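What follows is the content of my_file-v7.pdb (PDB, N, CA and C atoms).
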ATOM      1  N   MET A   1     109.782  42.946-140.107
ATOM      2  CA  MET A   1     110.960  42.379-140.748
ATOM      3  C   MET A   1     111.316  41.064-140.043
ATOM      4  N   PRO A   2     111.431  39.957-140.759
ATOM      5  CA  PRO A   2     111.755  38.670-140.120
ATOM      6  C   PRO A   2     113.184  38.676-139.595
ATOM      7  N   LEU A   3     113.400  37.891-138.530
ATOM      8  CA  LEU A   3     114.739  37.800-137.966
ATOM      9  C   LEU A   3     115.633  36.867-138.758
ATOM     10  N   LEU A   4     115.042  35.941-139.493
ATOM     11  CA  LEU A   4     115.833  34.986-140.266
ATOM     12  C   LEU A   4     115.733  35.321-141.748
ATOM     13  N   PRO A   5     116.782  35.059-142.509
ATOM     14  CA  PRO A   5     116.712  35.299-143.946
ATOM     15  C   PRO A   5     115.695  34.356-144.588
ATOM     16  N   ALA A   6     115.195  34.755-145.765
ATOM     17  CA  ALA A   6     114.197  33.950-146.479
ATOM     18  C   ALA A   6     114.759  32.559-146.798
ATOM     19  N   ARG A   7     116.001  32.503-147.205
ATOM     20  CA  ARG A   7     116.658  31.218-147.476
ATOM     21  C   ARG A   7     117.609  30.896-146.328
ATOM     22  N   PRO A   8     117.673  29.639-145.907
ATOM     23  CA  PRO A   8     118.560  29.284-144.788
ATOM     24  C   PRO A   8     120.018  29.622-145.061
ATOM     25  N   ASP A   9     120.450  29.604-146.318
ATOM     26  CA  ASP A   9     121.858  29.857-146.622
ATOM     27  C   ASP A   9     122.142  31.338-146.898
ATOM     28  N   ALA A  10     121.108  32.186-146.881
ATOM     29  CA  ALA A  10     121.307  33.618-147.136
ATOM     30  C   ALA A  10     121.898  34.277-145.888
ATOM     31  N   PRO A  11     122.883  35.167-146.060
ATOM     32  CA  PRO A  11     123.491  35.824-144.902
ATOM     33  C   PRO A  11     122.515  36.819-144.265
ATOM     34  N   LEU A  12     122.690  37.036-142.966
ATOM     35  CA  LEU A  12     121.875  38.002-142.249
ATOM     36  C   LEU A  12     122.304  39.417-142.617
ATOM     37  N   THR A  13     121.346  40.313-142.679
ATOM     38  CA  THR A  13     121.677  41.716-142.897
ATOM     39  C   THR A  13     122.175  42.310-141.591
ATOM     40  N   GLN A  14     122.795  43.473-141.668
ATOM     41  CA  GLN A  14     123.282  44.157-140.472
ATOM     42  C   GLN A  14     122.121  44.422-139.507
ATOM     43  N   GLN A  15     120.994  44.855-140.025
ATOM     44  CA  GLN A  15     119.825  45.144-139.193
ATOM     45  C   GLN A  15     119.331  43.879-138.492
ATOM     46  N   GLN A  16     119.326  42.757-139.186
ATOM     47  CA  GLN A  16     118.891  41.494-138.580
ATOM     48  C   GLN A  16     119.852  41.069-137.469
ATOM     49  N   ARG A  17     121.149  41.288-137.685
ATOM     50  CA  ARG A  17     122.127  40.959-136.641
ATOM     51  C   ARG A  17     121.893  41.815-135.405
ATOM     52  N   ILE A  18     121.654  43.104-135.613
ATOM     53  CA  ILE A  18     121.407  44.010-134.493
ATOM     54  C   ILE A  18     120.156  43.591-133.736
ATOM     55  N   GLN A  19     119.093  43.226-134.472
ATOM     56  CA  GLN A  19     117.861  42.786-133.821
ATOM     57  C   GLN A  19     118.106  41.546-132.970
ATOM     58  N   ARG A  20     118.903  40.629-133.453
ATOM     59  CA  ARG A  20     119.215  39.422-132.674
ATOM     60  C   ARG A  20     119.956  39.773-131.394
ATOM     61  N   VAL A  21     120.953  40.636-131.508
ATOM     62  CA  VAL A  21     121.748  41.013-130.340
ATOM     63  C   VAL A  21     120.877  41.719-129.309
ATOM     64  N   MET A  22     119.973  42.582-129.761
ATOM     65  CA  MET A  22     119.139  43.348-128.839
ATOM     66  C   MET A  22     118.160  42.460-128.071
ATOM     67  N   LYS A  23     117.898  41.248-128.542
ATOM     68  CA  LYS A  23     116.984  40.336-127.860
ATOM     69  C   LYS A  23     117.707  39.355-126.933
ATOM     70  N   LEU A  24     119.038  39.390-126.931
ATOM     71  CA  LEU A  24     119.786  38.492-126.064
ATOM     72  C   LEU A  24     119.525  38.828-124.606
ATOM     73  N   GLN A  25     119.409  37.804-123.793
ATOM     74  CA  GLN A  25     119.332  38.001-122.354
ATOM     75  C   GLN A  25     120.701  37.696-121.783
ATOM     76  N   VAL A  26     121.216  38.614-121.001
ATOM     77  CA  VAL A  26     122.560  38.459-120.452
ATOM     78  C   VAL A  26     122.509  38.579-118.933
ATOM     79  N   PRO A  27     123.365  37.827-118.237
ATOM     80  CA  PRO A  27     123.402  37.969-116.779
ATOM     81  C   PRO A  27     124.036  39.308-116.406
ATOM     82  N   VAL A  28     123.414  39.993-115.477
ATOM     83  CA  VAL A  28     123.924  41.266-114.981
ATOM     84  C   VAL A  28     124.450  41.024-113.570
ATOM     85  N   ILE A  29     125.660  41.456-113.322
ATOM     86  CA  ILE A  29     126.313  41.255-112.029
ATOM     87  C   ILE A  29     126.612  42.617-111.428
ATOM     88  N   VAL A  30     126.353  42.760-110.138
ATOM     89  CA  VAL A  30     126.767  43.949-109.411
ATOM     90  C   VAL A  30     127.852  43.504-108.443
ATOM     91  N   ARG A  31     129.051  44.009-108.651
ATOM     92  CA  ARG A  31     130.190  43.588-107.827
ATOM     93  C   ARG A  31     130.343  44.528-106.637
ATOM     94  N   LEU A  32     130.172  43.963-105.477
ATOM     95  CA  LEU A  32     130.328  44.719-104.246
ATOM     96  C   LEU A  32     131.804  45.077-104.043
ATOM     97  N   ALA A  33     132.641  44.081-104.087
ATOM     98  CA  ALA A  33     134.079  44.263-103.888
ATOM     99  C   ALA A  33     134.756  42.959-104.275
ATOM    100  N   ASP A  34     136.054  42.978-104.325
ATOM    101  CA  ASP A  34     136.775  41.723-104.539
ATOM    102  C   ASP A  34     138.040  41.735-103.689
ATOM    103  N   ARG A  35     138.503  40.528-103.437
ATOM    104  CA  ARG A  35     139.685  40.374-102.593
ATOM    105  C   ARG A  35     140.259  38.991-102.854
ATOM    106  N   LYS A  36     141.553  38.896-102.851
ATOM    107  CA  LYS A  36     142.203  37.593-102.973
ATOM    108  C   LYS A  36     142.593  37.122-101.582
ATOM    109  N   ILE A  37     142.229  35.867-101.307
ATOM    110  CA  ILE A  37     142.626  35.258-100.042
ATOM    111  C   ILE A  37     143.159  33.856-100.326
ATOM    112  N   ALA A  38     143.985  33.396 -99.431
ATOM    113  CA  ALA A  38     144.594  32.079 -99.598
ATOM    114  C   ALA A  38     143.534  30.984 -99.486
ATOM    115  N   MET A  39     143.739  29.916-100.219
ATOM    116  CA  MET A  39     142.806  28.785-100.179
ATOM    117  C   MET A  39     142.672  28.242 -98.758
ATOM    118  N   SER A  40     143.757  28.286 -97.991
ATOM    119  CA  SER A  40     143.686  27.800 -96.606
ATOM    120  C   SER A  40     142.688  28.627 -95.788
ATOM    121  N   GLU A  41     142.596  29.943 -96.073
ATOM    122  CA  GLU A  41     141.612  30.780 -95.381
ATOM    123  C   GLU A  41     140.193  30.425 -95.830
ATOM    124  N   VAL A  42     140.012  30.159 -97.122
ATOM    125  CA  VAL A  42     138.695  29.790 -97.643
ATOM    126  C   VAL A  42     138.216  28.515 -96.961
ATOM    127  N   LEU A  43     139.113  27.543 -96.792
ATOM    128  CA  LEU A  43     138.737  26.271 -96.173
ATOM    129  C   LEU A  43     138.364  26.434 -94.698
ATOM    130  N   ARG A  44     138.852  27.496 -94.053
ATOM    131  CA  ARG A  44     138.526  27.734 -92.646
ATOM    132  C   ARG A  44     137.219  28.502 -92.473
ATOM    133  N   LEU A  45     136.628  29.011 -93.568
ATOM    134  CA  LEU A  45     135.389  29.775 -93.457
ATOM    135  C   LEU A  45     134.256  28.881 -92.990
ATOM    136  N   GLY A  46     133.406  29.428 -92.183
ATOM    137  CA  GLY A  46     132.237  28.698 -91.705
ATOM    138  C   GLY A  46     131.057  29.651 -91.623
ATOM    139  N   VAL A  47     129.926  29.126 -91.203
ATOM    140  CA  VAL A  47     128.729  29.937 -91.041
ATOM    141  C   VAL A  47     129.030  31.079 -90.072
ATOM    142  N   GLY A  48     128.714  32.281 -90.467
ATOM    143  CA  GLY A  48     128.929  33.458 -89.628
ATOM    144  C   GLY A  48     130.276  34.118 -89.825
ATOM    145  N   ALA A  49     131.139  33.515 -90.637
ATOM    146  CA  ALA A  49     132.444  34.125 -90.903
ATOM    147  C   ALA A  49     132.247  35.448 -91.633
ATOM    148  N   ILE A  50     133.130  36.374 -91.382
ATOM    149  CA  ILE A  50     133.079  37.682 -92.031
ATOM    150  C   ILE A  50     134.346  37.869 -92.839
ATOM    151  N   ILE A  51     134.163  38.235 -94.099
ATOM    152  CA  ILE A  51     135.293  38.555 -94.969
ATOM    153  C   ILE A  51     135.314  40.068 -95.115
ATOM    154  N   GLU A  52     136.387  40.682 -94.689
ATOM    155  CA  GLU A  52     136.483  42.139 -94.737
ATOM    156  C   GLU A  52     137.079  42.576 -96.080
ATOM    157  N   PHE A  53     136.478  43.637 -96.642
ATOM    158  CA  PHE A  53     136.967  44.203 -97.890
ATOM    159  C   PHE A  53     137.486  45.607 -97.608
ATOM    160  N   VAL A  54     138.421  46.070 -98.424
ATOM    161  CA  VAL A  54     139.010  47.386 -98.214
ATOM    162  C   VAL A  54     138.202  48.490 -98.893
ATOM    163  N   LYS A  55     137.105  48.145 -99.510
ATOM    164  CA  LYS A  55     136.267  49.124-100.191
ATOM    165  C   LYS A  55     135.269  49.729 -99.199
ATOM    166  N   SER A  56     135.138  51.044 -99.240
ATOM    167  CA  SER A  56     134.200  51.737 -98.368
ATOM    168  C   SER A  56     132.771  51.478 -98.827
ATOM    169  N   SER A  57     131.830  51.458 -97.878
ATOM    170  CA  SER A  57     130.434  51.218 -98.243
ATOM    171  C   SER A  57     129.839  52.375 -99.047
ATOM    172  N   SER A  58     130.496  53.529 -99.063
ATOM    173  CA  SER A  58     129.989  54.675 -99.831
ATOM    174  C   SER A  58     130.541  54.721-101.265
ATOM    175  N   GLU A  59     131.485  53.851-101.586
ATOM    176  CA  GLU A  59     132.058  53.831-102.941
ATOM    177  C   GLU A  59     131.071  53.213-103.925
ATOM    178  N   PRO A  60     131.154  53.627-105.207
ATOM    179  CA  PRO A  60     130.232  53.066-106.205
ATOM    180  C   PRO A  60     130.485  51.577-106.431
ATOM    181  N   LEU A  61     129.408  50.870-106.806
ATOM    182  CA  LEU A  61     129.494  49.451-107.133
ATOM    183  C   LEU A  61     129.625  49.307-108.641
ATOM    184  N   ASP A  62     130.304  48.259-109.080
ATOM    185  CA  ASP A  62     130.495  48.014-110.506
ATOM    186  C   ASP A  62     129.314  47.229-111.078
ATOM    187  N   LEU A  63     128.798  47.687-112.203
ATOM    188  CA  LEU A  63     127.774  46.980-112.970
ATOM    189  C   LEU A  63     128.510  46.215-114.060
ATOM    190  N   MET A  64     128.330  44.881-114.090
ATOM    191  CA  MET A  64     129.114  44.052-115.000
ATOM    192  C   MET A  64     128.221  43.195-115.884
ATOM    193  N   ILE A  65     128.670  43.012-117.111
ATOM    194  CA  ILE A  65     128.068  42.079-118.053
ATOM    195  C   ILE A  65     129.214  41.277-118.643
ATOM    196  N   ASN A  66     129.076  39.955-118.654
ATOM    197  CA  ASN A  66     130.122  39.083-119.193
ATOM    198  C   ASN A  66     131.465  39.336-118.501
ATOM    199  N   ASN A  67     131.405  39.563-117.192
ATOM    200  CA  ASN A  67     132.590  39.832-116.367
ATOM    201  C   ASN A  67     133.368  41.065-116.800
ATOM    202  N   LYS A  68     132.699  42.005-117.459
ATOM    203  CA  LYS A  68     133.320  43.270-117.850
ATOM    204  C   LYS A  68     132.512  44.413-117.258
ATOM    205  N   VAL A  69     133.203  45.385-116.678
ATOM    206  CA  VAL A  69     132.524  46.539-116.095
ATOM    207  C   VAL A  69     131.958  47.402-117.220
ATOM    208  N   VAL A  70     130.651  47.646-117.169
ATOM    209  CA  VAL A  70     129.989  48.468-118.182
ATOM    210  C   VAL A  70     129.337  49.713-117.572
ATOM    211  N   GLY A  71     129.399  49.828-116.245
ATOM    212  CA  GLY A  71     128.828  50.988-115.587
ATOM    213  C   GLY A  71     129.071  50.935-114.096
ATOM    214  N   GLN A  72     128.540  51.936-113.396
ATOM    215  CA  GLN A  72     128.654  51.988-111.945
ATOM    216  C   GLN A  72     127.355  52.525-111.363
ATOM    217  N   GLY A  73     127.168  52.290-110.075
ATOM    218  CA  GLY A  73     125.973  52.786-109.429
ATOM    219  C   GLY A  73     126.114  52.760-107.924
ATOM    220  N   GLU A  74     125.028  53.134-107.271
ATOM    221  CA  GLU A  74     125.016  53.164-105.811
ATOM    222  C   GLU A  74     123.898  52.273-105.297
ATOM    223  N   THR A  75     124.100  51.756-104.104
ATOM    224  CA  THR A  75     123.127  50.862-103.488
ATOM    225  C   THR A  75     121.879  51.638-103.077
ATOM    226  N   VAL A  76     120.715  51.042-103.358
ATOM    227  CA  VAL A  76     119.444  51.598-102.900
ATOM    228  C   VAL A  76     118.619  50.458-102.321
ATOM    229  N   LYS A  77     117.694  50.813-101.450
ATOM    230  CA  LYS A  77     116.781  49.818-100.892
ATOM    231  C   LYS A  77     115.450  49.971-101.598
ATOM    232  N   VAL A  78     114.922  48.859-102.103
ATOM    233  CA  VAL A  78     113.638  48.835-102.803
ATOM    234  C   VAL A  78     112.737  47.886-102.024
ATOM    235  N   GLY A  79     111.896  48.435-101.177
ATOM    236  CA  GLY A  79     111.093  47.579-100.305
ATOM    237  C   GLY A  79     112.011  46.830 -99.360
ATOM    238  N   GLU A  80     111.920  45.504 -99.380
ATOM    239  CA  GLU A  80     112.788  44.667 -98.559
ATOM    240  C   GLU A  80     114.025  44.197 -99.312
ATOM    241  N   ASN A  81     114.187  44.641-100.557
ATOM    242  CA  ASN A  81     115.310  44.205-101.395
ATOM    243  C   ASN A  81     116.310  45.336-101.590
ATOM    244  N   PHE A  82     117.479  44.964-102.071
ATOM    245  CA  PHE A  82     118.480  45.947-102.442
ATOM    246  C   PHE A  82     118.514  46.061-103.950
ATOM    247  N   GLY A  83     118.889  47.226-104.425
ATOM    248  CA  GLY A  83     118.993  47.454-105.857
ATOM    249  C   GLY A  83     120.200  48.328-106.156
ATOM    250  N   LEU A  84     120.366  48.651-107.417
ATOM    251  CA  LEU A  84     121.474  49.496-107.874
ATOM    252  C   LEU A  84     120.891  50.669-108.649
ATOM    253  N   ARG A  85     121.170  51.864-108.191
ATOM    254  CA  ARG A  85     120.816  53.066-108.951
ATOM    255  C   ARG A  85     122.015  53.355-109.847
ATOM    256  N   VAL A  86     121.817  53.210-111.138
ATOM    257  CA  VAL A  86     122.909  53.370-112.104
ATOM    258  C   VAL A  86     123.272  54.850-112.192
ATOM    259  N   THR A  87     124.553  55.132-112.016
ATOM    260  CA  THR A  87     125.037  56.513-112.075
ATOM    261  C   THR A  87     125.943  56.765-113.271
ATOM    262  N   ARG A  88     126.458  55.688-113.854
ATOM    263  CA  ARG A  88     127.323  55.826-115.033
ATOM    264  C   ARG A  88     127.186  54.567-115.871
ATOM    265  N   VAL A  89     127.067  54.755-117.187
ATOM    266  CA  VAL A  89     126.983  53.634-118.119
ATOM    267  C   VAL A  89     127.921  53.917-119.282
ATOM    268  N   GLY A  90     128.581  52.878-119.762
ATOM    269  CA  GLY A  90     129.450  53.028-120.921
ATOM    270  C   GLY A  90     128.638  53.309-122.170
ATOM    271  N   ASP A  91     129.327  53.649-123.239
ATOM    272  CA  ASP A  91     128.632  53.925-124.496
ATOM    273  C   ASP A  91     128.114  52.620-125.109
ATOM    274  N   PRO A  92     127.131  52.697-126.025
ATOM    275  CA  PRO A  92     126.544  51.485-126.610
ATOM    276  C   PRO A  92     127.575  50.542-127.236
ATOM    277  N   LYS A  93     128.611  51.074-127.849
ATOM    278  CA  LYS A  93     129.642  50.224-128.458
ATOM    279  C   LYS A  93     130.334  49.389-127.381
ATOM    280  N   GLN A  94     130.627  50.013-126.247
ATOM    281  CA  GLN A  94     131.267  49.306-125.138
ATOM    282  C   GLN A  94     130.347  48.212-124.597
ATOM    283  N   LEU A  95     129.050  48.507-124.480
ATOM    284  CA  LEU A  95     128.092  47.523-123.980
ATOM    285  C   LEU A  95     127.992  46.329-124.922
ATOM    286  N   LEU A  96     127.882  46.592-126.222
ATOM    287  CA  LEU A  96     127.803  45.499-127.192
ATOM    288  C   LEU A  96     129.067  44.659-127.179
ATOM    289  N   GLN A  97     130.211  45.314-127.056
ATOM    290  CA  GLN A  97     131.471  44.580-127.014
ATOM    291  C   GLN A  97     131.515  43.663-125.780
ATOM    292  N   ALA A  98     130.974  44.135-124.659
ATOM    293  CA  ALA A  98     130.983  43.334-123.425
ATOM    294  C   ALA A  98     130.179  42.058-123.582
ATOM    295  N   ILE A  99     129.039  42.120-124.301
ATOM    296  CA  ILE A  99     128.216  40.910-124.413
ATOM    297  C   ILE A  99     128.664  40.000-125.536
ATOM    298  N   THR A 100     129.462  40.515-126.467
ATOM    299  CA  THR A 100     129.868  39.666-127.583
ATOM    300  C   THR A 100     131.273  39.102-127.423
ATOM    301  N   ASP A 101     132.111  39.672-126.550
ATOM    302  CA  ASP A 101     133.454  39.139-126.320
ATOM    303  C   ASP A 101     133.366  37.876-125.494
ATOM    304  N   ARG A 102     134.178  36.932-125.798
ATOM    305  CA  ARG A 102     134.243  35.689-125.015
ATOM    306  C   ARG A 102     135.583  35.536-124.399
TER
END
Take the structure in this file and express it as structure tokens.
Amino acid sequence: MPLLPARPDAPLTQQQRIQRVMKLQVPVIVRLADRKIAMSEVLRLGVGAIIEFVKSSSEPLDLMINNKVVGQGETVKVGENFGLRVTRVGDPKQLLQAITDR
């Protein structure tokens, strides 16, 4: 089934719209923690500075798409890299809404 209608002015079918959305590439963010600090503190940061967060290292991390939380997971080590083992994911409607909301 082609992704584009036969005529340029013909509307896309629901199935064609879904196929387009499913091929979108979206940035995935894993949020460790967040904290608000004064700009004066940010300006004093230098190499080696440590910003302390009130979140425990054992708490789940947020999986985000389009700056919206769509799931959670836990930190895992994959070789020399870190990864996220997903432990909870929102329903498909919630995921689609996250990538289509602006």
(request) Pick out the residues sitting within 7 Å of A:Leu61, and hand them over as a ChimeraX atom specification; count all atoms listed in the file, and ignore anything fewer than 6 positions along from it in its own chain. (result) /A:30-33,71-75
Centre, edges in Å (one decimal): axis-aligned box, stretch 92-99 of chain A, 3 Å padding on all six sides, as lines of an AutoDock Vina configuration file:
center_x = 129.0
center_y = 46.3
center_z = -125.9
size_x = 11.0
size_y = 18.7
size_z = 11.0
(request) Write out as a VMD selection string each polymer residue whose atoms come within 8 Å of A:Lys68, counting only N, CA and C atoms; drop sequence neighbours fewer than 6 positions from it. (result) chain A and resid 62 98 to 99
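Once only C-alpha atoms are considered, the residues situated within 6 Å of the file point (129.0, 36.2, -115.8) turn out to be Pro27, Asn66 and Asn67 of chain A.
Checking A:Val76, A:Val28, A:Val21, A:Leu43 one by one against A:Pro60, counting only C-alpha atoms, you find the shortest gap at A:Val76.
For stretch 36-84 of chain A, backbone-based DSSP assignment of strand (DSSP E or B) covers A:Leu61, A:Asp62, A:Leu63, A:Met64, A:Ile65, A:Lys68, A:Val69, A:Val70, A:Gly71, A:Gln72, A:Gly73, A:Glu74, A:Thr75, A:Val76, A:Lys77, A:Val78, A:Asn81, A:Phe82, A:Gly83, A:Leu84.
Each of A:Val70, A:Ile18, A:Leu24, A:Arg44 was checked against A:Gly90 using all atoms listed in the file; the smallest atom-to-atom distance is that of A:Val70.
The interatomic distance for the pair atom N of A:Asp34 and atom CA of A:Phe82 works out to 17.9 Å.
With atom C of A:Arg20 on one side and atom N of A:Val86 on the other, the separation reads 24.4 Å.
For the pair atom N of A:Gly83 and atom N of A:Val26, the interatomic distance is 18.8 Å.
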